[in-house]
Amino acid sequence: MLNKWKDAINWSLAIAVITLVLAAIFSIVSTYLLSGVTWAIGMIIVFIIVFIGIFFDMLGIAATAADETPFHAMAAERVNGSKQSIQIVRSADRFASFCNDVIGDISGIISGTASAIVVISFTISIGQREDSFFHYVVAVAFTSVVAAVTVGGKAFGKSMAIRYSTPILFQVGKLFYFLEDRFKIVVMKENKNKRKNKRNQ
C-alpha cells in the first residue's frame, strides 16, 4: 500500500512538472505565432490548438476503453507496434492522464488566451476600442463558438475512441515502435507490475 502511495505521489509530481514545462512552451509558441498576424490567421491558430486538445482527448479515451487481447494476437505474429500498444493499455491511467489532463487542459487554457488576443486584434482592425460594446459582443460570440467546437469535438472524439479504440491505439503503437526502432526513443516502458497483478487475479 505504501509503495502505491509513493508511486501515485511521484507520478503526480512528475506530471505537474511536465505540465509546467509544456504549458510554458505552448504559451510561448502560441504567443509568438499570434504576434503580428492578422485576426483571420489568428483564428485558424486558435482552432488548431482546439483540435490538438480534441485529438489527444480521443487518444486518452481510447487507451482506457481498449482491451489487450487483440494486440496479443498481433504480438504473436510479430506485428510492429503491437507490443507498444499493449504497454499503452497496461498504462492506460497514466497515458490518459497525460493526453486528457495535460495536453487537453493546456490546449483549453491556451485556446482561451489566444481567443482573447484574436478578438482584440479583430476589434482594433475595424477601428473599434477594446472597451467598446462591439468588442464585448465579438468576445462573447467567438468564445461561445470556440467552446461549442471544443465540447462538440470532444464528444465526437470520445464516441470514435470508444468505438475504434483498437485501431486508434494500434496506430499510436506503430508510431511508438517507429520512434524506438529509428531513434531509440522509448516513449513508454513496459508496466511489469500491472502484468503481475493481472496474472495473480
# chains A, B, ... in the order shown; residues from 1 in each chain; ligands from 1
>>> residues_around(residues="A:Met43", least_positions_apart="4", cutoff="8 Å", atoms="only C-alpha atoms", output="short mmCIF file (atom, residue, chain, number, x, y, z; two decimals) with C-alpha atoms, in the first residue's frame")
data_model
loop_
_atom_site.label_atom_id
_atom_site.label_comp_id
_atom_site.auth_asym_id
_atom_site.auth_seq_id
_atom_site.Cartn_x
_atom_site.Cartn_y
_atom_site.Cartn_z
CA TRP A 39 -7.03 38.14 -36.92
CA PHE A 47 -8.87 26.25 -33.86
CA SER A 115 -9.08 33.75 -28.42
CA VAL A 118 -7.69 37.35 -31.70
#
>>> residues_around(residues="A:Ala23", least_positions_apart="2", cutoff="10 Å", atoms="only C-alpha atoms", output="list of chain:residue names")
A:Val17, A:Ile18, A:Thr19, A:Leu20, A:Val21, A:Ile25, A:Phe26, A:Ser27, A:Ile28, A:Val29, A:Val102, A:Ile103, A:Asp105, A:Ile106, A:Ser107, A:Ile109, A:Ile110
>>> residues_around(residues="A:Arg94", least_positions_apart="3", cutoff="10 Å", atoms="only C-alpha atoms", output="list in words")
Trp11, Ser12, Ile15, Gly60, Ala63, Thr64, Ile88, Val89, Arg90, Ser91, Ser97, Phe98, Cys99, Asn100 and Asp101 of chain A
>>> residues_around(residues="A:Gln84", least_positions_apart="5", cutoff="7 Å", atoms="only C-alpha atoms", output="list in words")
Gly173, Phe176 and Tyr177 of chain A
>>> write_last_selection(atoms="C-alpha atoms", output="PDB file, in the first residue's frame")
ATOM      1  CA  GLY A 173       1.718   1.853 -31.075  1.00  0.00           C
ATOM      2  CA  PHE A 176       6.000   4.465 -30.756  1.00  0.00           C
ATOM      3  CA  TYR A 177       7.631   1.490 -32.489  1.00  0.00           C
TER       4      TYR A 177
END
>>> select_by_dssp(residues="stretch 27-78 of chain A", states="alpha helix (DSSP H)", output="ChimeraX atom specification")
/A:27-34,39-65,69-76
>>> write_last_selection(atoms="C-alpha atoms", output="PDB file, in the first residue's frame")
ATOM      1  CA  SER A  27       2.151  29.643 -24.298  1.00  0.00           C
ATOM      2  CA  ILE A  28       5.404  30.955 -25.769  1.00  0.00           C
ATOM      3  CA  VAL A  29       4.822  29.317 -29.155  1.00  0.00           C
ATOM      4  CA  SER A  30       1.174  30.426 -29.419  1.00  0.00           C
ATOM      5  CA  THR A  31       2.002  33.995 -28.374  1.00  0.00           C
ATOM      6  CA  TYR A  32       4.839  34.113 -30.890  1.00  0.00           C
ATOM      7  CA  LEU A  33       2.641  32.783 -33.696  1.00  0.00           C
ATOM      8  CA  LEU A  34      -0.166  35.215 -32.886  1.00  0.00           C
ATOM      9  CA  TRP A  39      -7.034  38.144 -36.920  1.00  0.00           C
ATOM     10  CA  ALA A  40      -8.068  35.622 -39.609  1.00  0.00           C
ATOM     11  CA  ILE A  41      -4.802  33.692 -39.294  1.00  0.00           C
ATOM     12  CA  GLY A  42      -5.051  34.035 -35.525  1.00  0.00           C
ATOM     13  CA  MET A  43      -8.483  32.433 -35.644  1.00  0.00           C
ATOM     14  CA  ILE A  44      -7.057  29.491 -37.589  1.00  0.00           C
ATOM     15  CA  ILE A  45      -4.314  29.092 -34.979  1.00  0.00           C
ATOM     16  CA  VAL A  46      -6.940  29.067 -32.204  1.00  0.00           C
ATOM     17  CA  PHE A  47      -8.874  26.246 -33.862  1.00  0.00           C
ATOM     18  CA  ILE A  48      -5.664  24.297 -34.488  1.00  0.00           C
ATOM     19  CA  ILE A  49      -4.989  24.465 -30.734  1.00  0.00           C
ATOM     20  CA  VAL A  50      -8.567  23.342 -30.057  1.00  0.00           C
ATOM     21  CA  PHE A  51      -8.245  20.367 -32.426  1.00  0.00           C
ATOM     22  CA  ILE A  52      -4.964  19.353 -30.754  1.00  0.00           C
ATOM     23  CA  GLY A  53      -6.855  19.124 -27.458  1.00  0.00           C
ATOM     24  CA  ILE A  54      -9.666  17.139 -29.081  1.00  0.00           C
ATOM     25  CA  PHE A  55      -7.217  14.727 -30.717  1.00  0.00           C
ATOM     26  CA  PHE A  56      -5.314  13.970 -27.514  1.00  0.00           C
ATOM     27  CA  ASP A  57      -8.558  13.644 -25.566  1.00  0.00           C
ATOM     28  CA  MET A  58      -9.604  10.976 -28.071  1.00  0.00           C
ATOM     29  CA  LEU A  59      -6.311   9.119 -27.579  1.00  0.00           C
ATOM     30  CA  GLY A  60      -6.730   9.138 -23.799  1.00  0.00           C
ATOM     31  CA  ILE A  61     -10.269   7.764 -24.005  1.00  0.00           C
ATOM     32  CA  ALA A  62      -9.162   5.086 -26.492  1.00  0.00           C
ATOM     33  CA  ALA A  63      -6.474   3.894 -24.066  1.00  0.00           C
ATOM     34  CA  THR A  64      -8.973   3.426 -21.230  1.00  0.00           C
ATOM     35  CA  ALA A  65     -11.534   1.731 -23.499  1.00  0.00           C
ATOM     36  CA  THR A  69      -6.464  -9.258 -26.333  1.00  0.00           C
ATOM     37  CA  PRO A  70      -6.360  -8.096 -29.991  1.00  0.00           C
ATOM     38  CA  PHE A  71      -2.833  -6.773 -29.505  1.00  0.00           C
ATOM     39  CA  HIS A  72      -1.642 -10.072 -28.026  1.00  0.00           C
ATOM     40  CA  ALA A  73      -2.783 -11.782 -31.216  1.00  0.00           C
ATOM     41  CA  MET A  74      -0.811  -9.239 -33.239  1.00  0.00           C
ATOM     42  CA  ALA A  75       2.230  -9.637 -30.993  1.00  0.00           C
ATOM     43  CA  ALA A  76       2.134 -13.414 -31.542  1.00  0.00           C
TER      44      ALA A  76
END
>>> closest_residue(among="A:Val172, A:Gly81, A:Val146, A:Ala92", to="A:Thr113", atoms="only C-alpha atoms")
A:Val146
>>> atom_distance(atom1="atom CA of A:Gly108", atom2="atom CA of A:Leu169")
23.3 Å
>>> decode(residues="stretch 100-140 of chain A", atoms="N, CA and C atoms", output="short mmCIF file (atom, residue, chain, number, x, y, z; two decimals), in the first residue's frame")
data_model
loop_
_atom_site.label_atom_id
_atom_site.label_comp_id
_atom_site.auth_asym_id
_atom_site.auth_seq_id
_atom_site.Cartn_x
_atom_site.Cartn_y
_atom_site.Cartn_z
N ASN A 100 -5.35 13.55 -21.68
CA ASN A 100 -6.56 14.30 -21.33
C ASN A 100 -6.28 15.49 -20.41
N ASP A 101 -5.53 15.21 -19.33
CA ASP A 101 -5.34 16.26 -18.32
C ASP A 101 -4.23 17.24 -18.71
N VAL A 102 -3.12 16.73 -19.20
CA VAL A 102 -2.00 17.62 -19.51
C VAL A 102 -2.24 18.35 -20.83
N ILE A 103 -2.21 17.60 -21.94
CA ILE A 103 -2.35 18.23 -23.25
C ILE A 103 -3.74 18.82 -23.43
N GLY A 104 -4.77 18.08 -23.03
CA GLY A 104 -6.14 18.56 -23.20
C GLY A 104 -6.41 19.85 -22.45
N ASP A 105 -6.04 19.88 -21.16
CA ASP A 105 -6.29 21.07 -20.35
C ASP A 105 -5.43 22.25 -20.78
N ILE A 106 -4.18 21.97 -21.13
CA ILE A 106 -3.31 23.05 -21.61
C ILE A 106 -3.88 23.66 -22.88
N SER A 107 -4.34 22.82 -23.78
CA SER A 107 -4.92 23.31 -25.03
C SER A 107 -6.13 24.20 -24.76
N GLY A 108 -6.95 23.78 -23.78
CA GLY A 108 -8.12 24.56 -23.43
C GLY A 108 -7.75 25.94 -22.88
N ILE A 109 -6.75 25.97 -22.02
CA ILE A 109 -6.32 27.24 -21.43
C ILE A 109 -5.69 28.15 -22.48
N ILE A 110 -4.80 27.58 -23.28
CA ILE A 110 -4.11 28.37 -24.30
C ILE A 110 -5.08 28.87 -25.36
N SER A 111 -6.05 28.04 -25.74
CA SER A 111 -7.03 28.48 -26.75
C SER A 111 -7.87 29.64 -26.23
N GLY A 112 -8.14 29.64 -24.92
CA GLY A 112 -8.88 30.75 -24.32
C GLY A 112 -8.09 32.04 -24.38
N THR A 113 -6.81 31.95 -24.02
CA THR A 113 -5.94 33.13 -24.08
C THR A 113 -5.77 33.61 -25.51
N ALA A 114 -5.56 32.67 -26.43
CA ALA A 114 -5.39 33.03 -27.84
C ALA A 114 -6.65 33.66 -28.41
N SER A 115 -7.81 33.18 -27.96
CA SER A 115 -9.08 33.75 -28.42
C SER A 115 -9.19 35.22 -28.04
N ALA A 116 -8.75 35.53 -26.83
CA ALA A 116 -8.80 36.92 -26.36
C ALA A 116 -7.91 37.81 -27.23
N ILE A 117 -6.75 37.30 -27.61
CA ILE A 117 -5.83 38.07 -28.46
C ILE A 117 -6.43 38.29 -29.84
N VAL A 118 -7.07 37.25 -30.38
CA VAL A 118 -7.69 37.35 -31.70
C VAL A 118 -8.83 38.37 -31.69
N VAL A 119 -9.64 38.33 -30.64
CA VAL A 119 -10.77 39.27 -30.54
C VAL A 119 -10.27 40.71 -30.48
N ILE A 120 -9.24 40.95 -29.71
CA ILE A 120 -8.66 42.29 -29.62
C ILE A 120 -8.13 42.73 -30.97
N SER A 121 -7.43 41.83 -31.65
CA SER A 121 -6.88 42.13 -32.98
C SER A 121 -7.99 42.47 -33.97
N PHE A 122 -9.08 41.71 -33.93
CA PHE A 122 -10.21 41.96 -34.84
C PHE A 122 -10.87 43.30 -34.52
N THR A 123 -11.06 43.58 -33.23
CA THR A 123 -11.71 44.82 -32.80
C THR A 123 -10.92 46.04 -33.27
N ILE A 124 -9.61 45.99 -33.07
CA ILE A 124 -8.76 47.11 -33.45
C ILE A 124 -8.70 47.27 -34.96
N SER A 125 -8.72 46.13 -35.70
CA SER A 125 -8.59 46.18 -37.16
C SER A 125 -9.75 46.91 -37.83
N ILE A 126 -10.92 46.96 -37.18
CA ILE A 126 -12.06 47.66 -37.78
C ILE A 126 -12.32 49.00 -37.09
N GLY A 127 -11.33 49.46 -36.33
CA GLY A 127 -11.41 50.80 -35.75
C GLY A 127 -12.23 50.92 -34.48
N GLN A 128 -12.44 49.82 -33.77
CA GLN A 128 -13.19 49.86 -32.51
C GLN A 128 -12.23 49.79 -31.32
N ARG A 129 -12.69 50.27 -30.18
CA ARG A 129 -11.89 50.24 -28.96
C ARG A 129 -12.09 48.93 -28.20
N GLU A 130 -11.12 48.60 -27.36
CA GLU A 130 -11.18 47.36 -26.59
C GLU A 130 -12.31 47.37 -25.56
N ASP A 131 -12.69 48.56 -25.11
CA ASP A 131 -13.75 48.65 -24.11
C ASP A 131 -15.12 48.96 -24.72
N SER A 132 -15.22 48.81 -26.03
CA SER A 132 -16.49 49.12 -26.71
C SER A 132 -17.49 47.97 -26.59
N PHE A 133 -18.76 48.29 -26.84
CA PHE A 133 -19.81 47.28 -26.82
C PHE A 133 -19.58 46.25 -27.92
N PHE A 134 -19.07 46.72 -29.07
CA PHE A 134 -18.78 45.82 -30.18
C PHE A 134 -17.76 44.76 -29.78
N HIS A 135 -16.73 45.20 -29.08
CA HIS A 135 -15.70 44.26 -28.61
C HIS A 135 -16.31 43.21 -27.68
N TYR A 136 -17.22 43.64 -26.81
CA TYR A 136 -17.87 42.72 -25.88
C TYR A 136 -18.68 41.67 -26.64
N VAL A 137 -19.44 42.12 -27.64
CA VAL A 137 -20.27 41.21 -28.43
C VAL A 137 -19.41 40.19 -29.18
N VAL A 138 -18.34 40.67 -29.82
CA VAL A 138 -17.44 39.79 -30.57
C VAL A 138 -16.77 38.78 -29.64
N ALA A 139 -16.37 39.25 -28.46
CA ALA A 139 -15.71 38.36 -27.49
C ALA A 139 -16.64 37.24 -27.06
N VAL A 140 -17.88 37.59 -26.75
CA VAL A 140 -18.86 36.58 -26.32
C VAL A 140 -19.14 35.59 -27.46
#
